[in-house]
file final25.txt (compact mmCIF, C-alpha atoms)
# COMPACT_ATOMS: atom_id res chain seq x y z
CA MET A 1 0.00 0.00 0.00
CA ILE A 2 1.18 3.50 -0.81
CA ALA A 3 -0.26 6.85 0.26
CA ARG A 4 -1.08 9.48 -2.33
CA GLY A 5 -2.83 12.84 -2.26
CA PHE A 6 -5.21 14.31 -4.84
CA ARG A 7 -5.80 18.07 -4.61
CA TYR A 8 -8.49 20.03 -6.45
CA LYS A 9 -9.74 23.60 -6.67
CA LEU A 10 -13.09 24.12 -4.96
CA GLU A 11 -15.85 26.41 -6.22
CA PRO A 12 -18.00 27.00 -3.09
CA MET A 13 -21.08 29.16 -3.01
CA PRO A 14 -20.89 32.29 -0.78
CA GLU A 15 -22.81 30.64 2.08
CA GLN A 16 -20.55 27.57 1.86
CA GLU A 17 -17.46 29.77 1.97
CA GLU A 18 -18.78 31.35 5.18
CA LEU A 19 -19.17 27.87 6.66
CA PHE A 20 -15.61 27.04 5.58
CA ARG A 21 -14.30 30.04 7.51
CA GLN A 22 -16.41 29.13 10.53
CA PHE A 23 -15.17 25.53 10.53
CA ALA A 24 -11.54 26.63 10.12
CA GLY A 25 -11.85 29.20 12.93
CA VAL A 26 -13.40 26.82 15.44
CA CYS A 27 -10.92 24.03 14.64
CA ARG A 28 -8.07 26.50 15.06
CA LEU A 29 -9.52 27.57 18.41
CA VAL A 30 -9.85 23.96 19.59
CA TYR A 31 -6.22 23.29 18.62
CA ASN A 32 -4.96 26.40 20.44
CA LEU A 33 -7.05 25.66 23.56
CA GLY A 34 -5.67 22.14 23.62
CA LEU A 35 -2.13 23.48 23.23
CA GLU A 36 -2.62 25.93 26.11
CA GLN A 37 -4.08 23.15 28.24
CA LYS A 38 -1.08 20.90 27.61
CA VAL A 39 1.39 23.70 28.34
CA THR A 40 -0.37 24.63 31.58
CA TRP A 41 -1.33 21.22 32.98
CA GLY A 42 0.69 18.76 30.95
CA ARG A 43 3.38 18.22 33.60
CA LYS A 44 0.87 17.46 36.37
CA HIS A 45 -1.69 15.50 34.34
CA ARG A 46 -1.22 13.13 31.45
CA LEU A 47 -3.31 14.91 28.85
CA GLY A 48 -3.54 12.73 25.77
CA TYR A 49 -6.05 12.75 22.96
CA VAL A 50 -8.70 10.78 24.90
CA ALA A 51 -8.71 13.19 27.86
CA GLN A 52 -8.85 16.26 25.65
CA ALA A 53 -11.62 14.75 23.49
CA ALA A 54 -13.70 14.36 26.67
CA ASP A 55 -13.07 18.03 27.49
CA LEU A 56 -14.15 18.91 23.95
CA THR A 57 -17.47 17.13 24.53
CA ARG A 58 -18.12 19.30 27.60
CA LEU A 59 -17.13 22.43 25.69
CA ARG A 60 -19.56 21.62 22.88
CA ALA A 61 -22.36 21.16 25.39
CA GLU A 62 -21.77 24.67 26.78
CA LEU A 63 -21.23 26.69 23.55
CA ASP A 64 -23.69 26.55 20.67
CA TRP A 65 -21.28 28.11 18.13
CA VAL A 66 -18.72 25.37 18.86
CA ARG A 67 -21.41 22.68 18.62
CA ALA A 68 -22.45 24.10 15.21
CA VAL A 69 -19.17 22.84 13.70
CA TYR A 70 -18.94 19.15 12.87
CA VAL A 71 -17.39 17.25 15.78
CA SER A 72 -15.06 15.08 13.68
CA CYS A 73 -13.24 18.17 12.38
CA GLN A 74 -12.56 19.31 15.94
CA GLN A 75 -11.41 15.83 16.93
CA GLN A 76 -9.03 15.81 13.97
CA ALA A 77 -7.53 19.07 15.25
CA LEU A 78 -6.87 17.43 18.63
CA ARG A 79 -5.29 14.46 16.86
CA ASP A 80 -3.01 16.88 15.02
CA LEU A 81 -1.99 18.40 18.35
CA ASP A 82 -1.31 14.99 19.89
CA ARG A 83 0.81 14.02 16.88
CA ALA A 84 2.71 17.33 17.07
CA PHE A 85 3.71 16.61 20.68
CA GLN A 86 4.73 13.06 19.79
CA ASN A 87 6.98 14.43 17.06
CA PHE A 88 8.44 16.96 19.48
CA PHE A 89 9.24 14.42 22.20
CA SER A 90 10.78 12.05 19.64
CA GLY A 91 13.04 14.82 18.33
CA ARG A 92 11.48 14.99 14.85
CA ALA A 93 10.04 18.51 15.21
CA SER A 94 10.17 21.65 17.31
CA PHE A 95 7.70 22.53 20.05
CA PRO A 96 4.16 23.01 18.69
CA LYS A 97 3.11 26.60 18.00
CA PRO A 98 -0.39 28.12 18.08
CA ARG A 99 -2.25 28.12 14.80
CA ARG A 100 -2.84 31.52 13.24
CA ARG A 101 -5.58 33.00 11.14
CA GLY A 102 -4.48 33.50 7.55
CA LEU A 103 -1.82 30.77 7.81
CA ASP A 104 -3.73 27.80 9.23
CA ASP A 105 -7.15 28.07 7.59
CA SER A 106 -7.95 24.38 7.19
CA PHE A 107 -10.00 21.53 8.65
CA ARG A 108 -10.23 17.80 8.01
CA PHE A 109 -12.91 15.08 7.76
CA PRO A 110 -12.43 11.32 8.08
CA GLY A 111 -12.73 9.73 4.64
CA ARG A 112 -15.65 7.47 5.59
CA GLU A 113 -17.84 10.53 6.27
CA VAL A 114 -17.31 12.13 2.85
CA ALA A 115 -18.78 11.20 -0.54
CA THR A 116 -18.03 12.34 -4.10
CA LYS A 117 -20.10 12.38 -7.27
CA ARG A 118 -19.11 13.20 -10.83
CA LEU A 119 -21.18 15.80 -12.69
CA ASN A 120 -19.49 15.87 -16.12
CA ALA A 121 -16.07 15.63 -17.74
CA ASN A 122 -14.73 18.67 -15.89
CA TRP A 123 -16.66 18.98 -12.63
CA SER A 124 -17.49 16.85 -9.61
CA VAL A 125 -19.01 17.49 -6.19
CA VAL A 126 -17.96 16.43 -2.71
CA ARG A 127 -20.43 16.05 0.17
CA LEU A 128 -19.11 17.49 3.43
CA PRO A 129 -21.05 16.94 6.70
CA LYS A 130 -22.98 20.05 7.86
CA ILE A 131 -21.86 21.89 4.70
CA GLY A 132 -23.39 19.96 1.80
CA TRP A 133 -22.35 19.31 -1.78
CA VAL A 134 -19.49 21.51 -3.00
CA LYS A 135 -18.27 21.68 -6.60
CA PHE A 136 -14.61 21.12 -7.46
CA ARG A 137 -12.62 21.08 -10.69
CA ASP A 138 -12.08 17.37 -11.41
CA SER A 139 -8.71 17.43 -13.19
CA ARG A 140 -7.78 13.76 -12.58
CA PRO A 141 -9.48 10.66 -11.17
CA ILE A 142 -9.20 9.76 -7.49
CA CYS A 143 -7.52 6.37 -6.98
CA GLY A 144 -7.62 4.05 -3.99
CA GLY A 145 -9.49 4.30 -0.71
CA VAL A 146 -10.01 7.75 0.79
CA LYS A 147 -8.59 7.96 4.34
CA ASN A 148 -9.30 11.63 5.04
CA VAL A 149 -10.33 14.83 3.27
CA THR A 150 -8.78 18.24 4.04
CA ILE A 151 -10.28 21.62 3.12
CA SER A 152 -7.70 24.42 3.04
CA LEU A 153 -7.42 28.06 2.01
CA ASP A 154 -4.47 29.66 0.26
CA ALA A 155 -3.96 32.79 -1.80
CA LEU A 156 -5.62 31.17 -4.83
CA GLY A 157 -8.78 30.11 -3.01
CA TRP A 158 -10.23 27.03 -1.28
CA HIS A 159 -8.96 23.56 -2.16
CA VAL A 160 -9.89 20.01 -1.26
CA ALA A 161 -7.25 17.30 -0.80
CA PHE A 162 -8.09 13.58 -0.67
CA ALA A 163 -5.51 11.44 1.14
CA CYS A 164 -5.80 7.93 -0.31
CA GLU A 165 -4.25 4.51 0.15
CA ILE A 166 -3.52 2.68 -3.10
CA GLU A 167 -2.63 -0.97 -3.51
CA HIS A 168 0.61 -1.02 -5.43
CA GLU A 169 3.30 -3.56 -6.28
CA ALA A 170 6.58 -2.00 -7.36
CA PRO A 171 7.84 -3.30 -10.73
CA ILE A 172 11.37 -4.45 -11.45
CA PRO A 173 13.38 -1.21 -11.78
CA SER A 174 15.51 -0.26 -14.74
CA ALA A 175 19.23 -0.99 -14.57
CA GLU A 176 20.09 2.51 -15.80
CA VAL A 177 21.77 4.98 -13.43
CA VAL A 178 21.69 8.77 -13.79
CA GLY A 179 23.61 11.48 -12.00
CA ILE A 180 21.78 14.75 -11.40
CA ASP A 181 23.44 18.08 -10.68
CA ARG A 182 21.11 20.68 -9.16
CA GLY A 183 22.02 24.26 -10.00
CA ILE A 184 20.68 27.77 -10.41
CA ALA A 185 21.12 28.82 -14.05
CA THR A 186 20.48 25.22 -15.11
CA THR A 187 18.03 23.80 -12.60
CA LEU A 188 18.76 20.13 -13.36
CA ALA A 189 21.67 18.74 -15.38
CA LEU A 190 21.63 15.00 -16.09
CA SER A 191 24.68 12.87 -16.75
CA THR A 192 23.00 11.85 -20.03
CA GLY A 193 23.56 15.40 -21.29
CA GLU A 194 20.01 16.70 -20.76
CA MET A 195 19.63 20.18 -19.29
CA LEU A 196 16.35 21.15 -17.61
CA THR A 197 15.51 24.70 -16.55
CA MET A 198 12.58 26.31 -14.78
CA PRO A 199 9.82 27.79 -16.97
CA GLY A 200 10.60 31.32 -18.10
CA ASN A 201 7.35 32.78 -16.81
CA LEU A 202 8.67 32.41 -13.24
CA GLY A 203 10.95 35.38 -13.89
CA ARG A 204 8.09 37.50 -15.23
CA ILE A 205 5.98 36.68 -12.18
CA GLU A 206 8.93 37.60 -9.95
CA ASP A 207 9.10 41.05 -11.58
CA GLN A 208 5.35 41.50 -11.05
CA LYS A 209 5.71 40.41 -7.43
CA ARG A 210 8.46 42.94 -6.74
CA LYS A 211 6.35 45.75 -8.16
CA ALA A 212 3.41 44.58 -6.04
CA GLN A 213 5.64 44.51 -2.94
CA ARG A 214 6.64 48.12 -3.57
CA VAL A 215 2.94 49.01 -3.73
CA VAL A 216 2.42 47.32 -0.35
CA ALA A 217 5.25 49.40 1.13
CA ARG A 218 3.49 52.62 0.06
CA ARG A 219 0.12 51.69 1.56
CA LYS A 220 -0.94 52.73 5.05
CA ARG A 221 -0.70 49.98 7.62
CA GLY A 222 -4.08 48.53 8.56
CA SER A 223 -5.89 50.00 5.54
CA ASN A 224 -8.05 48.04 3.12
CA ARG A 225 -5.84 49.10 0.21
CA ARG A 226 -2.83 47.58 1.95
CA ARG A 227 -4.70 44.31 2.53
CA LYS A 228 -5.66 44.16 -1.13
CA ALA A 229 -2.06 44.83 -2.17
CA GLN A 230 -0.83 42.11 0.20
CA ALA A 231 -3.37 39.68 -1.26
CA ARG A 232 -2.01 40.37 -4.76
CA VAL A 233 1.55 39.59 -3.58
CA ALA A 234 0.31 36.37 -1.99
CA ARG A 235 -1.45 35.30 -5.20
CA LEU A 236 1.67 35.89 -7.28
CA HIS A 237 3.76 33.97 -4.75
CA ALA A 238 1.30 31.06 -4.83
CA ARG A 239 1.39 31.01 -8.64
CA GLN A 240 5.18 30.78 -8.53
CA ALA A 241 5.03 27.88 -6.08
CA ARG A 242 2.50 26.05 -8.25
CA ILE A 243 4.60 26.46 -11.42
CA ARG A 244 7.74 25.33 -9.57
CA ARG A 245 5.98 22.29 -8.12
CA ASP A 246 4.59 21.34 -11.53
CA PHE A 247 8.09 21.51 -13.06
CA HIS A 248 9.51 19.30 -10.30
CA HIS A 249 6.74 16.73 -10.68
CA ARG A 250 7.15 16.51 -14.46
CA ALA A 251 10.95 16.26 -14.30
CA ALA A 252 10.88 13.69 -11.47
CA LEU A 253 8.28 11.54 -13.25
CA ASP A 254 10.34 11.46 -16.44
CA ILE A 255 13.49 10.47 -14.52
CA ALA A 256 11.68 7.82 -12.44
CA GLU A 257 10.23 6.15 -15.55
CA ARG A 258 13.60 5.93 -17.33
CA PHE A 259 16.13 5.13 -14.60
CA GLY A 260 16.44 2.70 -11.71
CA VAL A 261 18.88 4.74 -9.62
CA ALA A 262 19.09 8.53 -9.38
CA VAL A 263 22.24 9.91 -7.76
CA LEU A 264 22.11 13.34 -6.08
CA GLU A 265 24.61 15.41 -4.18
CA ASP A 266 24.14 15.49 -0.40
CA LEU A 267 23.43 19.22 -0.23
CA LYS A 268 22.80 20.95 3.11
CA THR A 269 20.36 23.55 1.81
CA ARG A 270 19.74 25.14 5.20
CA GLY A 271 23.42 25.87 5.71
CA MET A 272 23.91 27.00 2.11
CA THR A 273 21.13 29.60 2.43
CA ALA A 274 22.20 31.00 5.81
CA SER A 275 22.52 34.79 6.08
CA ALA A 276 25.94 36.37 5.62
CA LYS A 277 25.18 39.63 7.44
CA GLY A 278 27.07 38.55 10.58
CA THR A 279 26.88 40.66 13.75
CA LEU A 280 27.54 44.28 14.71
CA ALA A 281 30.93 43.32 16.11
CA ASP A 282 31.81 41.09 13.17
CA PRO A 283 29.79 42.16 10.09
CA GLY A 284 29.73 39.93 7.05
CA ARG A 285 31.00 40.64 3.55
CA ASN A 286 29.15 40.65 0.22
CA VAL A 287 25.87 40.50 2.10
CA ARG A 288 23.71 41.63 -0.83
CA GLN A 289 25.34 39.15 -3.21
CA LYS A 290 24.88 36.31 -0.73
CA ALA A 291 21.24 37.27 -0.21
CA GLY A 292 20.68 37.09 -3.98
CA LEU A 293 22.36 33.68 -4.11
CA ASN A 294 20.23 32.42 -1.22
CA GLN A 295 17.08 33.55 -3.00
CA ALA A 296 18.14 31.84 -6.22
CA ILE A 297 18.81 28.56 -4.38
CA LEU A 298 15.43 28.67 -2.67
CA ASN A 299 13.67 29.51 -5.95
CA ALA A 300 15.20 26.40 -7.53
CA GLY A 301 13.55 24.23 -4.85
CA TRP A 302 16.37 21.67 -4.53
CA HIS A 303 14.93 19.99 -1.44
CA GLN A 304 11.41 19.83 -2.86
CA PHE A 305 12.68 18.16 -6.02
CA ALA A 306 14.60 15.56 -4.02
CA THR A 307 11.49 14.76 -1.95
CA ILE A 308 9.27 14.38 -5.03
CA LEU A 309 11.87 12.32 -6.90
CA THR A 310 12.33 9.97 -3.93
CA TYR A 311 8.71 8.86 -3.70
CA LYS A 312 8.31 8.60 -7.47
CA MET A 313 11.41 6.41 -7.73
CA GLU A 314 10.30 4.18 -4.86
CA GLU A 315 6.86 3.81 -6.43
CA ARG A 316 8.51 2.38 -9.56
CA GLY A 317 10.97 0.15 -7.71
CA GLY A 318 13.95 2.51 -8.02
CA GLN A 319 15.88 4.45 -5.43
CA VAL A 320 17.49 7.83 -4.84
CA VAL A 321 21.01 7.80 -3.37
CA THR A 322 23.23 10.68 -2.30
CA VAL A 323 26.97 11.15 -2.57
CA PRO A 324 29.32 13.75 -1.03
CA ALA A 325 29.14 17.05 -2.89
CA ARG A 326 32.75 18.11 -2.35
CA PHE A 327 34.69 19.01 -5.54
CA THR A 328 32.10 17.61 -7.99
CA SER A 329 32.15 20.88 -9.93
CA GLN A 330 35.96 21.14 -9.94
CA THR A 331 36.79 17.54 -10.94
CA CYS A 332 37.42 16.63 -14.56
CA ALA A 333 35.06 13.86 -15.68
CA ALA A 334 37.69 12.57 -18.14
CA CYS A 335 40.93 12.40 -16.14
CA GLY A 336 39.83 12.99 -12.54
CA VAL A 337 42.11 15.98 -11.88
CA ILE A 338 40.70 18.42 -9.31
CA ASP A 339 41.46 22.08 -9.94
CA ALA A 340 39.31 25.15 -9.38
CA ARG A 341 40.88 26.84 -12.42
CA SER A 342 39.21 24.30 -14.70
CA ARG A 343 35.85 25.90 -13.93
CA GLU A 344 36.29 28.86 -16.29
CA SER A 345 32.78 30.23 -15.77
CA GLN A 346 29.38 29.26 -14.47
CA ALA A 347 28.70 27.22 -17.62
CA ARG A 348 32.08 26.26 -19.06
CA PHE A 349 34.52 23.62 -17.81
CA VAL A 350 37.93 23.12 -19.45
CA CYS A 351 40.38 20.80 -17.71
CA ILE A 352 43.82 22.34 -17.28
CA SER A 353 45.38 18.86 -17.33
CA CYS A 354 43.86 16.99 -20.29
CA GLY A 355 41.93 19.74 -22.07
CA HIS A 356 38.55 18.02 -21.68
CA ALA A 357 35.80 20.62 -22.33
CA ASP A 358 32.15 20.33 -21.42
CA HIS A 359 29.29 22.23 -19.87
CA ALA A 360 30.21 22.63 -16.20
CA ASP A 361 26.91 21.27 -14.89
CA ARG A 362 26.96 18.25 -17.19
CA ASN A 363 30.55 17.53 -16.15
CA ALA A 364 29.46 17.68 -12.49
CA ALA A 365 26.53 15.31 -13.17
CA VAL A 366 28.91 12.72 -14.66
CA ASN A 367 31.14 13.05 -11.58
CA ILE A 368 28.12 12.56 -9.31
CA ARG A 369 27.11 9.40 -11.15
CA ARG A 370 30.67 8.04 -11.10
CA ARG A 371 31.08 8.80 -7.41
CA TRP A 372 28.24 6.40 -6.61
CA SER A 373 29.74 3.76 -8.94
CA THR A 374 33.05 4.15 -7.13
CA SER A 375 31.39 3.59 -3.75
CA LEU A 376 29.91 0.31 -5.08
CA LEU A 377 33.33 -0.86 -6.18
CA ASP A 378 34.70 -0.08 -2.71
CA VAL A 379 31.95 -2.16 -1.10
CA GLU A 380 32.73 -5.10 -3.39
CA GLY A 381 36.40 -5.14 -2.43
CA LEU A 382 38.16 -2.95 -5.00
CA HIS A 383 39.78 -0.33 -2.75
CA GLN A 384 41.34 1.74 -5.47
CA ARG A 385 40.03 4.62 -7.51
CA PRO A 386 38.87 3.74 -11.05
CA TYR A 387 41.19 5.23 -13.65
CA GLU A 388 40.08 6.75 -16.94
CA ALA A 389 42.66 7.30 -19.64
CA SER A 390 42.97 10.92 -20.78
CA THR A 391 41.78 11.08 -24.38
CA GLY A 392 40.77 14.72 -24.59
CA ARG A 393 37.31 13.80 -25.90
CA ASP A 394 33.87 14.11 -24.28
CA LEU A 395 33.00 11.31 -21.88
CA THR A 396 29.41 10.10 -22.21
CA VAL A 397 27.42 7.96 -19.82
CA SER A 398 27.76 4.91 -22.06
CA GLU A 399 31.54 5.01 -21.52
CA ASN A 400 31.20 4.75 -17.73
CA PRO A 401 31.48 1.30 -16.12
CA ARG A 402 28.02 -0.01 -15.21
CA PRO A 403 27.74 -0.73 -11.48
CA SER A 404 27.09 -4.24 -10.35
CA GLY A 405 23.60 -5.09 -9.17
CA ARG A 406 24.93 -6.56 -5.92
CA GLY A 407 25.46 -3.08 -4.45
CA ARG A 408 21.88 -1.95 -4.91
CA CYS A 409 19.01 -2.23 -2.50

call {"tool": "encode", "arguments": {"input": "final25.txt", "output": "structure tokens"}}
result
Amino acid sequence: MIARGFRYKLEPMPEQEELFRQFAGVCRLVYNLGLEQKVTWGRKHRLGYVAQAADLTRLRAELDWVRAVYVSCQQQALRDLDRAFQNFFSGRASFPKPRRRGLDDSFRFPGREVATKRLNANWSVVRLPKIGWVKFRDSRPICGGVKNVTISLDALGWHVAFACEIEHEAPIPSAEVVGIDRGIATTLALSTGEMLTMPGNLGRIEDQKRKAQRVVARRKRGSNRRRKAQARVARLHARQARIRRDFHHRAALDIAERFGVAVLEDLKTRGMTASAKGTLADPGRNVRQKAGLNQAILNAGWHQFATILTYKMEERGGQVVTVPARFTSQTCAACGVIDARSRESQARFVCISCGHADHADRNAAVNIRRRWSTSLLDVEGLHQRPYEASTGRDLTVSENPRPSGRGRC
């Protein structure tokens, strides 16, 4: 069994949208009350989900506006809180924070309490308890059994997400291996020679967003005009995220269908995007340039791509492996000589030893692929570095030694 999500754009009527906001507000309140209760009494009393659900029953009996919201949604909020504390105590997450209006406008139903019905080729409806039938844009069929249904609000409107469990048996993966270099100018460079870049309209949307942000700065704080300007910035930001996510899904799907192993660099994105401003006593250097680089790295979405690629590869029987990132961009893919002078520019690599010339990102991708092959040889008992004769010609993937299947999972 594998878990998959299916997300669609909702088209609620005005009265349904009001109910959405009411449900989200009450569920947010229940979560925050439960958090405050745990913080205040958690050390003296063992407050788990069962105890807090009993308190919720008493609260619903006292307040009509809380009782007006479907009970399962409020119980799901308490389950989220209980899971957040479990993650905190196990070291997987930080201490839970209160949910905020505008950031946490969502609520969830158990899947057994929700039904769907198709209207035509483009539209379907979902039946939500105490809300009724709500239309959504049916862009792809829902597969598997629905476990839960989440209604959420973002800058582009209300959406419904179906979390499903699908019976799946992974096929025999391909024997092909690909190295992938993640960059900025070239988003993804494959060891096969393919170069994939983000859609060009992301840059145009970024220009529009900057203009909109300047409009926000000129508006009076707390005014309706400022809120409208902020909403425009949020919509542009959400459009960028959607385009970026679509690019990552398409690229990852293509790679997962063609290769059995995808090799990535072990990049520490959080450390790479840290601020360079330093402190008052020890100020940093090239702060503006580093800020621009940080923004470019985050816009490329390296971590998001790795996450998407991992589950798509596993679904098809493949795997994603990581190798150390050190010197992959300064190593010659033909002779193995490491020298920073060989990287003539962002795009051009010319080895100072053998004269091998290639696109710098493609050269790095070949090194990434070979680094994983070398680790397999080490595991199998060959404790020496593979040697490639210097020929001065381009080295393609077909010329690399194919790793043995014994080293794969």

call {"tool": "atom_distance", "arguments": {"input": "final25.txt", "atom1": "CA of Ala77 in chain A", "atom2": "CA of Cys27 in chain A"}}
result
6.0 Å

call {"tool": "closest_atom_pairs", "arguments": {"input": "final25.txt", "of": "range 153-190 of chain A", "to": "range 338-350 of chain A", "cutoff": "10 Å", "atoms": "all atoms listed in the file", "output": "CSV"}}
result
residue,atom,partner,partner_atom,distance
A:Gly183,CA,A:Gln346,CA,10.0
A:Ile184,CA,A:Gln346,CA,9.7
A:Ala185,CA,A:Gln346,CA,8.3
A:Thr186,CA,A:Ala347,CA,8.8

call {"tool": "closest_residue", "arguments": {"input": "final25.txt", "among": "A:Cys73, A:Met13, A:Ser139, A:Trp65", "to": "Ala121 in chain A", "atoms": "only C-alpha atoms"}}
result
A:Ser139

call {"tool": "closest_residue", "arguments": {"input": "final25.txt", "among": "A:Ala3, A:Asn87, A:Ala93, A:Leu298", "to": "Gly144 in chain A", "atoms": "all atoms listed in the file"}}
result
A:Ala3

call {"tool": "atom_distance", "arguments": {"input": "final25.txt", "atom1": "CA of Ala364 in chain A", "atom2": "CA of Gln319 in chain A"}}
result
20.2 Å

call {"tool": "residues_near_point", "arguments": {"input": "final25.txt", "point": "(17.4, 35.2, -10.6)", "cutoff": "10 Å", "atoms": "all atoms listed in the file", "output": "PDB file with C-alpha atoms, in the frame of the given file"}}
result
ATOM      1  CA  ILE A 184      20.680  27.770 -10.410  1.00  0.00           C
ATOM      2  CA  ALA A 185      21.120  28.820 -14.050  1.00  0.00           C
ATOM      3  CA  LEU A 202       8.670  32.410 -13.240  1.00  0.00           C
ATOM      4  CA  GLY A 203      10.950  35.380 -13.890  1.00  0.00           C
ATOM      5  CA  GLU A 206       8.930  37.600  -9.950  1.00  0.00           C
ATOM      6  CA  GLY A 292      20.680  37.090  -3.980  1.00  0.00           C
ATOM      7  CA  LEU A 293      22.360  33.680  -4.110  1.00  0.00           C
ATOM      8  CA  GLN A 295      17.080  33.550  -3.000  1.00  0.00           C
ATOM      9  CA  ALA A 296      18.140  31.840  -6.220  1.00  0.00           C
ATOM     10  CA  ILE A 297      18.810  28.560  -4.380  1.00  0.00           C
ATOM     11  CA  ASN A 299      13.670  29.510  -5.950  1.00  0.00           C
ATOM     12  CA  ALA A 300      15.200  26.400  -7.530  1.00  0.00           C
TER      13      ALA A 300
END

call {"tool": "axis_aligned_box", "arguments": {"input": "final25.txt", "around": "range 344-358 of chain A", "padding_each_side": "3 Å", "output": "lines of an AutoDock Vina configuration file"}}
result
center_x = 37.0
center_y = 23.6
center_z = -18.4
size_x = 22.7
size_y = 19.2
size_z = 13.9

call {"tool": "closest_residue", "arguments": {"input": "final25.txt", "among": "A:Ala291, A:Val50, A:Ile131, A:Leu103", "to": "Met272 in chain A", "atoms": "only C-alpha atoms"}}
result
A:Ala291

call {"tool": "closest_residue", "arguments": {"input": "final25.txt", "among": "A:Thr273, A:Gln22, A:Thr187, A:Gln52", "to": "Val66 in chain A", "atoms": "only C-alpha atoms"}}
result
A:Gln22

call {"tool": "atom_distance", "arguments": {"input": "final25.txt", "atom1": "CA of Gly145 in chain A", "atom2": "CA of Ile166 in chain A"}}
result
6.6 Å

call {"tool": "residues_near_point", "arguments": {"input": "final25.txt", "point": "(-7.0, 19.8, 0.3)", "cutoff": "6 Å", "atoms": "only C-alpha atoms", "output": "mmCIF file with C-alpha atoms, keeping the file's coordinate frame"}}
result
data_model
loop_
_atom_site.group_PDB
_atom_site.id
_atom_site.type_symbol
_atom_site.label_atom_id
_atom_site.label_comp_id
_atom_site.auth_asym_id
_atom_site.auth_seq_id
_atom_site.Cartn_x
_atom_site.Cartn_y
_atom_site.Cartn_z
ATOM 1 C CA ARG A 7 -5.800 18.070 -4.610
ATOM 2 C CA THR A 150 -8.780 18.240 4.040
ATOM 3 C CA ILE A 151 -10.280 21.620 3.120
ATOM 4 C CA SER A 152 -7.700 24.420 3.040
ATOM 5 C CA HIS A 159 -8.960 23.560 -2.160
ATOM 6 C CA VAL A 160 -9.890 20.010 -1.260
ATOM 7 C CA ALA A 161 -7.250 17.300 -0.800
#

call {"tool": "closest_residue", "arguments": {"input": "final25.txt", "among": "A:Gly179, A:Pro141, A:Gly25, A:Gly317", "to": "Trp123 in chain A", "atoms": "all atoms listed in the file"}}
result
A:Pro141

call {"tool": "decode", "arguments": {"input": "final25.txt", "residues": "range 79-94 of chain A", "atoms": "C-alpha atoms", "output": "mmCIF file, in the first residue's frame"}}
result
data_model
loop_
_atom_site.group_PDB
_atom_site.id
_atom_site.type_symbol
_atom_site.label_atom_id
_atom_site.label_comp_id
_atom_site.auth_asym_id
_atom_site.auth_seq_id
_atom_site.Cartn_x
_atom_site.Cartn_y
_atom_site.Cartn_z
ATOM 1 C CA ARG A 79 -5.290 14.456 16.859
ATOM 2 C CA ASP A 80 -3.008 16.877 15.023
ATOM 3 C CA LEU A 81 -1.994 18.398 18.348
ATOM 4 C CA ASP A 82 -1.308 14.986 19.886
ATOM 5 C CA ARG A 83 0.815 14.019 16.881
ATOM 6 C CA ALA A 84 2.712 17.330 17.067
ATOM 7 C CA PHE A 85 3.710 16.608 20.677
ATOM 8 C CA GLN A 86 4.727 13.056 19.790
ATOM 9 C CA ASN A 87 6.980 14.433 17.056
ATOM 10 C CA PHE A 88 8.435 16.964 19.484
ATOM 11 C CA PHE A 89 9.242 14.418 22.198
ATOM 12 C CA SER A 90 10.780 12.052 19.643
ATOM 13 C CA GLY A 91 13.041 14.824 18.325
ATOM 14 C CA ARG A 92 11.484 14.993 14.851
ATOM 15 C CA ALA A 93 10.038 18.513 15.207
ATOM 16 C CA SER A 94 10.173 21.646 17.305
#
